[in-house]
Structure formats: structure tokens, C-alpha cells
Amino acid sequence: MRRLTGDPVAILVGGMALVVALVFLVYPLVNGLLLAFVRNGSDISLANLTLVNFERFFVSTSYRHAFMNSIVTSGGATLLAAALGVPMAFAVARVEIAWRPVVLALSVIPLIAPPFIGAYAWVRILGNNGIVTQLLIEYLGVRPPPIYGIWGVTIALALSYLPYLFLMVQGTLAASDPTIEEAARMTGASSPRILRTITLPLAAPAIAAGMLVVFIKALGDFGVPSILGGEMQVLPTLIYYQIHGFFNLNAGSAIAIVNVLLTIMGLGLLALVNRRSVSTLTGSSRGSVRARGVGSRIAANVYIWFVLILALLPQALVALYSFSLRWGDTLLPSSYGLDNYRSMASEAFTTMGNSIVLSGLATLCCVIFGAIAAYATARGRIAAKWAIDLTIMLPFVLPGLVVGVVYLGAFNDGPLVLTGTAAILIFAYFTRRVAFVFRSAATAVAQIDTKIEEASTVCGASWGTTMRRIMVPLVAPGLLAASILVFATLIGEISATVLLYSANWKPISIAIYERVLGNELARASALGTICNLATLALILMASRLAGRSMSDMFR
Amino acid sequence: MSRGLSIRGLTKRYPTHGEGITVVSDVSFDVGNGEFFTMLGPSGCGKTTTLRMIAGLEEASSGAILIDGQDTTNVPARRRNVGMVFQSYALFPHLPVFENVAYGLRIRNLPETEIRAKVGEILDLLALSPLADRLPGQLSGGQQQRVSIARALVYRPPVLLLDEPLANLDAKLRVQMRDEIRRIQRALGIMVLYVTHDQEEAMAVSDRIAVFERGRVAQIGSPTEIYDTPASHFVADFIGKANFLPVRINKGNPVSCHFPSGNPITPGRVIALPHQEHKMIPAGFDGLLMVRPERLTPTDGPAAIAGRVERLQHLGAMTRCFVSVVGMDCELLVDLPRITRSRLREGDPCKFDVASSDVALFSKAREMQA
């Protein structure tokens, strides 16, 4: 049908993309899957297949607890995020509030800042001597439950991933066709009745999808439970201790599979919800109608800023902490200065440099591979929808710790040894983020009419010329924005990094993590603030390039 | 034929399930240099696929495409040197008008001065010069259309292909643009292959029309030939308005027919059939008599058809009457020029006559023609 397949350049490019996919995506995953079914120390072979690694979920209390804790903290975080996020989405979308763009931009910050950087700030907020704890005891006489353990992990996870849910629900509520609610009003329905019978049912799919995103993200999070968990373990931390403590890749792979299965169950639920959802977006050019009453505006503003302050408190505290010289049992630090930055300057410089190199090269790989794969699926004969659906799920299904485990298993020995090199981090980052770049590129390619390519061909251009002069310039802006987003979020990546990094290539995220574990919180905060600011600046740049608001880029 | 375009037995099959589906079947025609040739048909009839095979954007399953005597059937699209205008215009959105038009010349590595001269010339011809620095997104639909034509013409291809070029324009602009395309085609004296589903558009611009029906060419001819002497029930129905009345063939020579259901007002009225091939039809054969609505004339004398005016539509230049025919289960369309200031009112009885040169006979089954 198209003459693409006959072009030697196209075949070469496509073939290279296929090799990369096999070596760095398919091979580690299949290998990890097999490792889980082999006893520690045995080779992978048919005779050695066993279920012994999974048996521990039934016999070991630490495994059983980790399993339950994962479900409880992720489930709790999901419910808490929904309880806080849905009313906030409603307030932002349906009430006329001041500074809407500011509210939306601020709401994204918890997503930009790596969750583990803010996690230990919760100790300063709700710990024994925390700010809120002190205020609560002084004014209300109540002492909150201890921050280390289920309670703290749940709160920190909920507030870290709340923006995903908020943005999805807010988007749906803001875009829904006002004539539907007007039609309900014409039949004589009261406002509460419309809310109950029309608005909420129409927003339900977005709420469910948002909740599942929070659940899946929380389930895969390593940084927060490893810092705030205390004695409590969840599946990702259990994987970490199996590898770090015993270097038992087989046990680690088995836990990873259980973790992935839980995630897939979540995704299955999401698919069910999506199948039942009805399209609420119509061609109406009007946005939804916003309440203008003074009472609703005051209530909405108070609530919105309450949730925003709560979600931003940890990051604000990290910034404050970074300037503190002494902070004992007092409410606020007793003296301030730049000493933390001064003492961290050279380490920040080296580790940030490492992070930039690692993330930059990984991003480059994502862009090259993602763009080629996107073009092949969007324009070639491959069943595009199937591939795109699969890759949308890939980053969800594979939490960072899982990618870390399968990479250790695949590249620790055997034909290709990469452990201890920068390459293993680069390719692990690639595996975690390529789906995102692929999707951005696929969307960009799909928006370009195939007739434009045909017009170029009819004008006499070869496949290569058409790519260079037409397709690449058209796809570039969207792809650049996506790649900056990937680059920025990789700088704070910890859950795959923590298993794969080596001393020569220590990124800034690990440097922060080590300081937190060493209880050098002020210095960790200085590094964390540098990391946060760099990430924020990059994402602002990306949103400028893409011509989209920051909140749109995370939807 | 050595000059111009020659299509021989062109066929396109998609090997989907089992035997596959054939979307273009054994299409053959010749187009001379300087001719405006239109492929006309309803959507899904294979006209666009035929055009895309000529452009090289689809591979032909069998058959041959010859341009100026050269077999180009297996030449890749980019080496065919044809110009093409797409329904969606397919302008390069990141390039200004000038660069869009210059694109094909840059591919051909022409010197910069020559590019400037040729692009300038074609922009002038299409009245686009003031817009040379604009991006496609800053142009109206009609302007984008003209840029797209300029881009296809600038390297002087022997054939210009246009795929439903006016479909995205509003009604008034559509008429204006089709005249513009015709003007440019005459000014440059180039061969144009035009695809449309709009029969009025095809009639207005074409030298010759090929009517497509389900992947096959149903008829090729000038606009008047196709309108006046349609080769099949399908062509008659697709081009313009037509009445199809069930008739039975009489005995005797010249061949004639009558309405078998009987018509109480004009009993025994027969209509002579004009064409030579009608002599082959056996007496008693039941067929469909095709009459164009404007060929029916009101009469007080001996009439072919009698009925009652059910509805009148005033369409400006003419009045369209919907007539129920006495004793027949069909509605008759009659178009009367407004000048006649017809005395007809809704509910009036009426009688019409028709000249035997203005009728055609088709068999009742849609596929087979008499």
C-alpha cells in the first residue's frame, strides 16, 4: 500500500529500533519473569522451575505484612486523595475563583518534586516535635498518631499523588457540556439533585480513573515508605531489602511479580470503568458554568488554599530547612544561614552533573527510539492501537523497583554485563520513560495528515527528505516538550536508581537519599531544594515550548 | 496513443479475507493533453483509488498506466513528476506560502534565481503574491486551496491530479474556485484529472466525464452526452434528476411502449422509442422509461401522462411539480420554467407530453441495461 517498506533507510531505522526493543525492553522483562521461578543460585532451565520464591507469601510473616501494608497504605492514600481532591476539583472547575492559573500551576508542584524529598519533611510537620503536632497539642490537646509507619506513609503518598486525581477530575468537570445540566434544570431539578443525578455520575469515570492512578503510583513508590515506613515494610521496600541485604534476585523478582500483578488488577478495574463510561465531551464551545455567589466563592477559596498549603507544606518545609542552621524542639529554626548550601556545593555540583548526564543520555535514547516507534506504529502496518494501548500501561505496570530488579537480573552476568556502569542506569531510565515519549510522539504524528507526506512524495521527495524537511520539523516542538519533562523527572528518580547506581555515577537523588538516611536533614534539604528548583525550571521551559499550561502537561 | 495519459485495465484488489475485495475493476480510458477529464461517482466507487494509482500512492494490482507513451505503472510516486491537489490541501503547516510552493523545485535542486522566478510566476497567476510570507494557518480555505494548486503546478507536471479539491469549501466559493481551476487549466493548456462526487461540478468544468459505479467505468462521454443519453439506469439516476416509469413494449415497427397499468385519461397512448438498439427488445418486455423532469411539457391535447399536482416547489428559476400519476404507484417530477407562469395549482389535474427523442428505456433490474 505505502512504499515505506521498500525504502532501505526505513528498513534500517526500523530494524535498529526493533533490536533496541528486544535487548532493553523484552529481554530484561522475560529474564526477570524466569528468575522468579528459579531457586536462588540455580540456573534458568526447565528442570529448575519452582514456586519456592512465591511460597514465602504464605509462610513468612514479613512477606504477608508487606503485602497487606502495600494494599492498606496505597488504598488509604487513594481514599484520602479522593476525599481531598474531588471537592477541590469541583471548587476549581465550578466556582469563579481568582488566580485560577496560579492554583493549577501550584497544584502540579507535588508531582514535579520527587515525593521522597518531601517525605522526611513530614517528620518535621507531624513527627514528635513537628510543627503541626506542637500546634495540635497546644491548642487542641490532641496528639496525632506516630508519623513513622502506616499513618505517615499514607498521608505522604496521598498528598504526593493527589494532583493526578485533581487534574483529571478538574479537567472533566471544566470541559463538560453545560447544556446537559441546563437541560436538567429545565425539567425542574434542583441544584443538589442535578449534582447527585447528573454532574457526579458524569464525573465518576474521571474520579475512578484518577483514584486508580493514585493507587498504582502509590503501590510502586519506594522513596516514601523507605523513609517514613520505620519498621513497616511494603512490597517495594521488601524487594530492596532482598536485593540489598541478601542479593537474592530470585526472591526480588518474585516480589516484583506480585507487585506487578496487584498493579495489573488495578488496571483491569480501570479498563472496566472506562468501558462503562460515557463521553461527556461534546462540540459545545462553551465551558461549564461557574458559580459566582459570594458564599460559594469564599468557601471554595478557603478549601482550595487549605488543600494546596497541605500539599505544598513538605516542599516549603524542605526549602525552609535548607536555610536552617539549628532547629531543635522549637516551632521554627532558631538560626538561619547559607552554611548547608556552602558545605554541599561541591557534592551538589558533582552529583547534579552525574544526574544531568545520565538523564540527558536516557532522554536522548527515549526520543530517538520513541519517535521511530511512534512513526512506525502510526504510519506503518503495525496494529497501532494495540501497541499504543500496551505502552500506555507499561510505565504503570512497571514501578521503578521492578525495573531495577529485572535490570540487575539481566545485566549482572550473562552475555551483556552492565552493572556498575552508567549504561545500566541510562537504559533503566529509558525503560521507565520511553513509553511516555512514544505516546507524545505518536500523538504528534497522528495529528499530521498522511496526505501531507503524500504531497511531499508527489512533489518528488524521497522518504528521507520527507522525514527531514516535513515530519521532523512538525513533530519537534511536541517531542521537545515531552523530552524536557522526561529529563526533569529523571533527575529525581530514586526507585530504579537505588538498586542500580554505582559510586562513580552517583546521581543527586541518591545523594539526597543518603543524607536523609544519615539524618543530615538540613544538608539533604539544601540538595533537595537545588534538585526541586532545577526540575521546576525545566518543566516551566517545557510548558513554554509546548504552549501548554504546566497542569495540562501532567494530564 | 503516445501523447497524454493512457489507462489500461487498471485494477485494485485488497487481499483482505479469502478472495479479497476489488475496489477498482478493469478501468480503461485515454486523456489527451490539454483535456479536462473528470472521474465522477458516489463515495466508495473507486474514483479516488484510481487517481491515487495514477499518482503512484497506491500500487495497481494489475493493468497499466502510460504517461506520454511511457509505462509508469511501477515508477515510485516521487519519480512520476505529476502534480496533485488533495482534498485537505495537505499544505506543509510549518512552511510559508512561498516555501510550500517552492518545495518541489527545491527537491529538483533548481538554482535559487530560477526558483524565485518560477514561484513568483505561479503565485502571480493564482493571485497569491501578497500572501507569499504567510503560514498556511493564516490563510482562508480558498487561499489554502490556491496555494495547494500552485504547489502542484510550479514544476510543470504533464498531468495535474485533483482529488475532491472543492469539498471543503462553502457553496459560493466552490463555484468560484471551480471556474478558477478551469481558467488556469486553459491558460496553461495542461491535462487535468479531476475527481468529484458532485455531478453539477463535473458537468460545469469537464471536457469529458467518466462515471464510476462500484469500481467500474459506467460511461465515458462529454457532459451533454452523459446527461442526454445515459448508458445505464445508474448513470441516468446519478446525473441530474430523472423519472423512471414502468412501461411495456408494444408489437410493431417503429418500436413503442405503453403504460401497462393503464391510464384512464389517455388510454392506449404509446411512446415511440428512438434508439436503434431498442429494436432488439421483444414485445411484451417490461422496462423503465426514463424522462428528465424538464422534458415533460404541459399540454391540453393528446398527452402521454396524466395525473394530479400534489405539491409545488418554487426554486427560483423554475418550479418543480410533484405529480401523482393516475393508476400508477409513482411520483412524477416535472420542472417548469418560471417564465411560463404556469396556471398549475396544487390539487389541479394535469397532463404532460414528451418527445420520443427525450426518452430512454432501461431494464427493470438496476444492473442490466436494455
# chains A, B, ... in the order shown; residues from 1 in each chain; ligands from 1
>>> closest_atom_pairs(of="chain B", to="chain A", cutoff="8 Å", atoms="only C-alpha atoms", output="Markdown table")
| residue | atom | partner | partner_atom | distance |
| --- | --- | --- | --- | --- |
| B:Ala55 | CA | A:Val458 | CA | 7.1 |
| B:Leu57 | CA | A:Arg2 | CA | 6.8 |
| B:Glu58 | CA | A:Met1 | CA | 5.5 |
| B:Glu59 | CA | A:Met1 | CA | 6.2 |
| B:Pro76 | CA | A:Arg3 | CA | 7.8 |
| B:Ala77 | CA | A:Val458 | CA | 5.7 |
| B:Arg78 | CA | A:Gly460 | CA | 3.9 |
| B:Arg79 | CA | A:Gly460 | CA | 6.0 |
| B:Arg80 | CA | A:Val458 | CA | 7.6 |
| B:Asn81 | CA | A:Gly460 | CA | 6.8 |
| B:Val82 | CA | A:Val458 | CA | 6.7 |
| B:Gly83 | CA | A:Val458 | CA | 6.6 |
| B:Met84 | CA | A:Val458 | CA | 6.8 |
| B:Val85 | CA | A:Ala455 | CA | 7.9 |
| B:Phe86 | CA | A:Lys451 | CA | 7.1 |
| B:Ser88 | CA | A:Lys451 | CA | 7.6 |
| B:Ala90 | CA | A:Ile452 | CA | 4.4 |
| B:Leu91 | CA | A:Ile452 | CA | 6.4 |
| B:Phe92 | CA | A:Ile452 | CA | 6.5 |
| B:Pro93 | CA | A:Leu474 | CA | 7.8 |
| B:His94 | CA | A:Leu474 | CA | 6.7 |
| B:Tyr103 | CA | A:Cys459 | CA | 7.2 |
| B:Gly104 | CA | A:Cys459 | CA | 4.7 |
| B:Ile107 | CA | A:Ala461 | CA | 6.0 |
| B:Arg108 | CA | A:Gly460 | CA | 7.5 |
| B:Ala152 | CA | A:Cys459 | CA | 7.3 |
>>> write_last_selection(atoms="C-alpha atoms", output="PDB file, in the first residue's frame")
ATOM      1  CA  ALA B  55      -0.232   9.356  -8.687  1.00  0.00           C
ATOM      2  CA  LEU B  57       0.365   6.495  -3.972  1.00  0.00           C
ATOM      3  CA  GLU B  58      -1.366   3.127  -4.366  1.00  0.00           C
ATOM      4  CA  GLU B  59       0.051   0.145  -6.163  1.00  0.00           C
ATOM      5  CA  PRO B  76       7.545   5.258  -7.475  1.00  0.00           C
ATOM      6  CA  ALA B  77       5.346   8.274  -6.780  1.00  0.00           C
ATOM      7  CA  ARG B  78       8.246  10.649  -6.291  1.00  0.00           C
ATOM      8  CA  ARG B  79       9.640   9.903  -9.770  1.00  0.00           C
ATOM      9  CA  ARG B  80       6.329  10.232 -11.645  1.00  0.00           C
ATOM     10  CA  ASN B  81       6.528  14.001 -11.971  1.00  0.00           C
ATOM     11  CA  VAL B  82       2.783  14.533 -11.585  1.00  0.00           C
ATOM     12  CA  GLY B  83       1.129  17.330  -9.658  1.00  0.00           C
ATOM     13  CA  MET B  84      -1.540  16.555  -7.084  1.00  0.00           C
ATOM     14  CA  VAL B  85      -4.038  18.614  -5.124  1.00  0.00           C
ATOM     15  CA  PHE B  86      -5.543  16.934  -2.055  1.00  0.00           C
ATOM     16  CA  SER B  88      -7.452  18.529   2.696  1.00  0.00           C
ATOM     17  CA  ALA B  90      -2.091  18.945   2.743  1.00  0.00           C
ATOM     18  CA  LEU B  91      -0.072  22.156   2.934  1.00  0.00           C
ATOM     19  CA  PHE B  92       3.118  21.944   4.981  1.00  0.00           C
ATOM     20  CA  PRO B  93       1.986  23.850   8.084  1.00  0.00           C
ATOM     21  CA  HIS B  94       5.470  24.921   9.169  1.00  0.00           C
ATOM     22  CA  TYR B 103       9.153  22.716  -2.245  1.00  0.00           C
ATOM     23  CA  GLY B 104       9.047  20.647  -5.437  1.00  0.00           C
ATOM     24  CA  ILE B 107      13.689  18.824  -4.382  1.00  0.00           C
ATOM     25  CA  ARG B 108      14.703  19.155  -8.021  1.00  0.00           C
ATOM     26  CA  ALA B 152       1.290  21.174  -7.686  1.00  0.00           C
TER      27      ALA B 152
END
>>> residues_around(residues="Phe352 in chain B", least_positions_apart="2", cutoff="7 Å", atoms="only C-alpha atoms", output="list in words")
Leu296, Thr297, Pro298, Thr299, Ala303, Ala304, Ile305, Ala306, Cys350 and Val354 of chain B
>>> residues_around(residues="range 244-251 of chain A", least_positions_apart="5", cutoff="12 Å", atoms="only C-alpha atoms", output="VMD selection string")
chain A and resid 31 to 44 49 to 57 63 235 237 to 239 256 to 258 401 to 402 404 to 412 498 to 500
>>> closest_atom_pairs(of="range 138-182 of chain B", to="range 199-211 of chain B", cutoff="10 Å", atoms="only C-alpha atoms", output="Markdown table")
| residue | atom | partner | partner_atom | distance |
| --- | --- | --- | --- | --- |
| B:Leu166 | CA | B:Glu201 | CA | 9.3 |
| B:Arg174 | CA | B:Glu201 | CA | 8.7 |
| B:Val175 | CA | B:Glu201 | CA | 7.8 |
| B:Arg178 | CA | B:Val205 | CA | 6.9 |
| B:Asp179 | CA | B:Val205 | CA | 7.2 |
| B:Glu180 | CA | B:Val205 | CA | 9.9 |
| B:Ile181 | CA | B:Val205 | CA | 8.5 |
| B:Arg182 | CA | B:Val205 | CA | 6.2 |
>>> write_last_selection(atoms="N, CA and C atoms", output="mmCIF file, in the first residue's frame")
data_model
loop_
_atom_site.group_PDB
_atom_site.id
_atom_site.type_symbol
_atom_site.label_atom_id
_atom_site.label_comp_id
_atom_site.auth_asym_id
_atom_site.auth_seq_id
_atom_site.Cartn_x
_atom_site.Cartn_y
_atom_site.Cartn_z
ATOM 1 N N LEU B 166 -12.653 20.728 -3.984
ATOM 2 C CA LEU B 166 -13.558 21.784 -3.532
ATOM 3 C C LEU B 166 -14.461 21.348 -2.386
ATOM 4 N N ARG B 174 -17.091 27.469 -3.787
ATOM 5 C CA ARG B 174 -16.902 26.263 -4.581
ATOM 6 C C ARG B 174 -17.114 26.574 -6.063
ATOM 7 N N VAL B 175 -18.169 27.322 -6.334
ATOM 8 C CA VAL B 175 -18.460 27.687 -7.725
ATOM 9 C C VAL B 175 -17.363 28.580 -8.273
ATOM 10 N N ARG B 178 -14.099 26.549 -8.880
ATOM 11 C CA ARG B 178 -14.094 25.599 -9.996
ATOM 12 C C ARG B 178 -13.904 26.335 -11.309
ATOM 13 N N ASP B 179 -14.448 27.554 -11.389
ATOM 14 C CA ASP B 179 -14.210 28.349 -12.584
ATOM 15 C C ASP B 179 -12.741 28.760 -12.668
ATOM 16 N N GLU B 180 -12.162 29.066 -11.497
ATOM 17 C CA GLU B 180 -10.751 29.447 -11.410
ATOM 18 C C GLU B 180 -9.854 28.307 -11.892
ATOM 19 N N ILE B 181 -10.177 27.092 -11.430
ATOM 20 C CA ILE B 181 -9.384 25.927 -11.838
ATOM 21 C C ILE B 181 -9.473 25.742 -13.353
ATOM 22 N N ARG B 182 -10.679 25.900 -13.872
ATOM 23 C CA ARG B 182 -10.885 25.761 -15.316
ATOM 24 C C ARG B 182 -10.098 26.824 -16.072
#
